[in-house]
$ cat my_file-v7.cif   # mmCIF, C-alpha atoms
data_upload
loop_
_atom_site.label_atom_id
_atom_site.label_comp_id
_atom_site.auth_asym_id
_atom_site.auth_seq_id
_atom_site.Cartn_x
_atom_site.Cartn_y
_atom_site.Cartn_z
CA GLU A 5 -55.16 36.22 42.57
CA ASP A 6 -57.88 33.55 42.38
CA VAL A 7 -56.69 32.47 38.94
CA LEU A 8 -53.12 32.10 40.19
CA ARG A 9 -54.30 30.14 43.21
CA THR A 10 -56.35 27.84 40.95
CA ILE A 11 -53.35 27.18 38.73
CA VAL A 12 -51.09 26.37 41.69
CA VAL A 13 -53.70 24.05 43.22
CA ASP A 14 -54.17 22.28 39.89
CA LEU A 15 -50.42 21.78 39.44
CA ALA A 16 -50.05 20.54 43.01
CA GLU A 17 -52.86 17.99 42.53
CA ARG A 18 -51.34 16.75 39.28
CA LEU A 19 -47.94 16.38 40.92
CA PHE A 20 -49.45 14.60 43.92
CA TYR A 21 -51.33 12.08 41.77
CA GLU A 22 -48.24 11.56 39.62
CA VAL A 23 -46.09 10.77 42.66
CA ASP A 24 -48.74 8.75 44.56
CA VAL A 25 -48.22 5.47 42.71
CA ASN A 26 -50.38 3.18 44.88
CA MET A 27 -53.22 5.79 45.05
CA ASP A 28 -53.72 5.49 48.79
CA GLY A 29 -53.77 9.29 49.34
CA THR A 30 -50.40 9.48 51.15
CA LEU A 31 -46.88 9.91 49.89
CA THR A 32 -44.45 7.35 51.26
CA PRO A 33 -40.69 7.94 51.38
CA GLN A 34 -40.26 5.33 48.63
CA GLU A 35 -42.71 7.15 46.36
CA LEU A 36 -40.97 10.46 46.98
CA ALA A 37 -37.53 8.92 46.40
CA SER A 38 -38.61 7.34 43.11
CA ALA A 39 -40.22 10.61 41.98
CA PHE A 40 -37.07 12.58 42.84
CA GLY A 41 -34.94 9.97 41.05
CA CYS A 42 -37.05 10.20 37.90
CA ARG A 43 -36.97 13.99 37.92
CA ARG A 44 -33.21 13.92 38.46
CA GLU A 45 -32.71 11.59 35.50
CA GLU A 46 -34.82 13.85 33.29
CA ALA A 47 -32.88 16.91 34.40
CA LEU A 48 -29.54 15.19 33.74
CA LYS A 49 -30.68 14.20 30.23
CA LYS A 50 -31.70 17.79 29.52
CA ARG A 51 -28.37 18.98 30.88
CA GLU A 52 -26.47 16.63 28.59
CA GLY A 53 -28.50 17.92 25.68
CA ARG A 54 -27.60 21.51 26.55
CA LYS A 55 -23.93 20.55 26.89
CA TRP A 56 -23.99 19.15 23.37
CA VAL A 57 -25.43 22.40 22.07
CA ARG A 58 -22.84 24.40 24.01
CA ARG A 59 -19.96 22.30 22.67
CA ALA A 60 -21.24 22.67 19.12
CA THR A 61 -21.60 26.44 19.56
CA GLU A 62 -18.07 26.74 20.95
CA ALA A 63 -16.66 24.65 18.11
CA ALA A 64 -18.40 26.88 15.57
CA ALA A 65 -17.04 29.99 17.30
CA VAL A 66 -13.51 28.55 17.15
CA GLN A 67 -13.89 27.77 13.45
CA MET A 68 -15.10 31.30 12.70
CA GLY A 69 -12.24 32.79 14.72
CA LEU A 70 -14.46 34.38 17.34
CA LYS A 71 -12.94 32.36 20.14
CA SER A 72 -9.47 30.99 20.67
CA LYS A 73 -9.15 27.25 20.84
CA SER A 74 -6.66 26.98 23.66
CA ARG A 75 -5.81 28.91 26.74
CA PRO A 76 -2.26 29.53 27.92
CA ARG A 77 -1.40 26.34 29.73
CA ASP A 78 2.26 26.63 30.44
CA GLU A 79 3.64 28.95 33.08
CA VAL A 80 5.89 30.89 30.71
CA ARG A 81 2.97 31.74 28.44
CA ALA A 82 0.79 32.76 31.40
CA ASN A 83 3.53 35.04 32.74
CA ALA A 84 4.00 36.56 29.29
CA VAL A 85 0.28 37.33 29.05
CA LYS A 86 0.33 38.92 32.52
CA HIS A 87 3.36 41.02 31.58
CA GLN A 88 1.69 42.07 28.33
CA ASP A 89 -1.45 43.15 30.19
CA LYS A 90 0.63 45.10 32.71
CA GLU A 91 2.55 46.89 29.95
CA ARG A 92 -0.68 47.66 28.11
CA LYS A 93 -2.18 49.24 31.24
CA GLU A 94 0.96 51.28 31.88
CA ALA A 95 0.99 52.51 28.28
CA TYR A 96 -2.65 53.51 28.59
CA VAL A 97 -1.97 55.49 31.77
CA HIS A 98 1.08 57.15 30.21
CA GLU A 99 -0.88 58.14 27.11
CA ARG A 100 -3.74 59.51 29.23
CA ARG A 101 -1.33 61.65 31.28
CA ARG A 102 0.34 62.90 28.10
CA ARG A 103 -3.05 63.96 26.71
CA GLU A 104 -3.99 65.69 29.97
CA GLU A 105 -0.68 67.62 29.97
CA TRP A 106 -1.22 68.65 26.35
CA GLN A 107 -4.78 69.76 27.13
CA ALA A 108 -3.56 71.78 30.10
CA GLU A 109 -0.94 73.44 27.89
CA VAL A 110 -3.54 74.28 25.26
CA GLU A 111 -5.98 75.71 27.79
CA ARG A 112 -3.35 77.69 29.72
CA PRO A 113 -4.19 81.39 29.75
CA GLU A 114 -1.58 83.69 28.24
CA LEU A 115 -1.35 87.06 29.93
CA LEU A 116 0.49 89.88 28.21
CA ASP A 117 2.36 92.49 30.29
CA ALA A 118 -0.06 95.17 29.15
CA ASP A 119 -3.01 93.12 30.40
CA VAL A 120 -1.58 92.56 33.86
CA ASP A 121 -2.13 95.32 36.41
CA VAL A 122 0.66 95.11 38.96
CA ASP A 123 0.04 96.90 42.25
CA THR A 124 3.35 98.68 42.94
CA SER A 125 2.23 100.52 46.04
CA LEU A 126 3.44 97.66 48.19
CA LEU A 127 6.92 97.90 46.77
CA SER A 128 7.87 101.24 48.13
CA ASP A 129 10.85 102.07 50.34
CA ASN A 130 8.58 103.09 53.23
CA LEU A 131 8.19 99.56 54.45
CA THR A 132 9.04 99.00 58.08
CA PHE A 133 9.53 95.71 59.68
#

$ encode --input "my_file-v7.cif" --output "structure tokens"
Amino acid sequence: EDVLRTIVVDLAERLFYEVDVNMDGTLTPQELASAFGCRREEALKKREGRKWVRRATEAAAVQMGLKSKSRPRDEVRANAVKHQDKERKEAYVHERRRREEWQAEVERPELLDADVDVDTSLLSDNLTF
């Protein structure tokens, strides 16, 4: 805990002295604004660098065939893709139900007449209503 506190204090002091340009011991709004502006510029440069890497990675994926180059842009194509997805889902459900019916048919118990003991005492003529 003391080591962590020492590290945080050291980083805070470094940041304070970096931002305090005139070294008067206080941070003015202008000093803070310039520090935030510099940090923002650095972050934007890093972001642009990452975008370049991302674009290069996507281009390589398109060339290798791992990613499609374009997305459906026209309405007809988008509707066709939706319809295809819907049909695919319906076919999946139909196939699953067919398999379940087949499994139920396979697992259905078959009882022979000799194996079934029918209680015939209830079927006598002595029934009164």

$ residues_around --input "my_file-v7.cif" --residues "Glu22 of chain A" --least-positions-apart "5" --cutoff "12 Å" --atoms "only C-alpha atoms" --output "VMD selection string"
chain A and resid 15 to 17 27 29 to 31 35 to 36 38 to 40 42 to 43

$ write_last_selection --input "my_file-v7.cif" --atoms "C-alpha atoms" --output "compact mmCIF listing (two decimals), keeping the file's coordinate frame"
# COMPACT_ATOMS: atom_id res chain seq x y z
CA LEU A 15 -50.42 21.78 39.44
CA ALA A 16 -50.05 20.54 43.01
CA GLU A 17 -52.86 17.99 42.53
CA MET A 27 -53.22 5.79 45.05
CA GLY A 29 -53.77 9.29 49.34
CA THR A 30 -50.40 9.48 51.15
CA LEU A 31 -46.88 9.91 49.89
CA GLU A 35 -42.71 7.15 46.36
CA LEU A 36 -40.97 10.46 46.98
CA SER A 38 -38.61 7.34 43.11
CA ALA A 39 -40.22 10.61 41.98
CA PHE A 40 -37.07 12.58 42.84
CA CYS A 42 -37.05 10.20 37.90
CA ARG A 43 -36.97 13.99 37.92

$ atom_distance --input "my_file-v7.cif" --atom1 "atom CA of Arg81 of chain A" --atom2 "atom CA of His98 of chain A"
25.5 Å

$ axis_aligned_box --input "my_file-v7.cif" --around "segment 106-114 of chain A" --padding-each-side "4 Å" --output "AutoDock Vina command-line options"
--center_x -3.5 --center_y 76.2 --center_z 27.7 --size_x 13.0 --size_y 23.0 --size_z 12.8

$ residues_around --input "my_file-v7.cif" --residues "Glu62 of chain A" --least-positions-apart "4" --cutoff "9 Å" --atoms "all atoms listed in the file" --output "list in words"
Val57, Arg58, Val66, Gln67, Lys71 and Lys73 of chain A
